[in-house]
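*Asks:* I have a structure I would like to understand better, so I am pasting it below and will then ask my questions one at a time.
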Amino acid sequence: MCELMFPKSTRKKKRKHHPAPIVDTVKGECFLCRLEGISRQQYTEEHHVFYGGGLRRVSEENGFKAYLCPAHHKDGPRAVHNCRETRELLCRIFQAKYEETHTREEFERLIGRNYLERS
């Protein structure tokens, strides 16, 4: 067997632990469809509730994730990436759930804004 000029390292890359979502959401069932009273198995995509400006990593580390069908995620007119109202609804739900075990100040330090009180 020939020797490699640049042998591969034997160390394995450490994988980050990704906590479960803080709300009741499961792969294969859209979180927003279920809120609308529609419960069925379907293709879903993982959505990071808070994103942009480094918040995707914060969402990943704190379980701010929900499984959404394509119509509620990216494709439909009321999808979270197309409709501010839907996006903020999801943000309010996740903030309220987070505040069951943490303070509002902790949430604001983490995300940088408060979705439960409108100015």
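Labels used: A, B, ... for chains in the order of the structure tokens, numbers from 1 for residues in each chain, and numbers from 1 for ligands as shown.
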Using only C-alpha atoms, which protein or nucleic acid residues come within 12 Å of Lys16 (chain A)? Drop anything in the same chain fewer than 6 positions from it, and give the result as a list in words.
*Replies:*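 Neighbouring residues, sequence-local ones excluded: Arg57, Glu60 and Glu61 of chain A.
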*Asks:* Taking the backbone alone, and naming residues the way the document does, which bits of chain A are alpha helix (DSSP H) by DSSP, as JSON, numbers by chain?
*Replies:* {"A": [31, 32, 33, 34, 35, 55, 56, 57, 58, 59, 60, 61, 62, 70, 84, 85, 86, 87, 88, 89, 90, 91, 92, 93, 94, 95, 96, 97, 98, 104, 105, 106, 107, 108, 109, 110, 111]}
*Asks:* Just list as a VMD selection string whatever in chain A DSSP marks as strand (DSSP E or B).
*Replies:* chain A and resid 45 to 48 65 to 68
*Asks:* Which residues, written as a ChimeraX atom specification, have at least one atom at most 12 Å from region 32-48 of chain A, with only C-alpha atoms counted and residues fewer than 3 positions away on the same chain left out?
*Replies:* /A:20-29,51-52,54-75,78-81,86-87,89-91,93-94
*Asks:* Just give me the gap between CA of Cys83 (chain A) and CA of Phe31 (chain A) in Å, one decimal is fine.
*Replies:* 16.1 Å
*Asks:* Any idea what the distance is between CA of Arg84 (chain A) and CA of Gly53 (chain A)?
*Replies:*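 Separating CA of Arg84 (chain A) from CA of Gly53 (chain A) is a distance of 17.0 Å.
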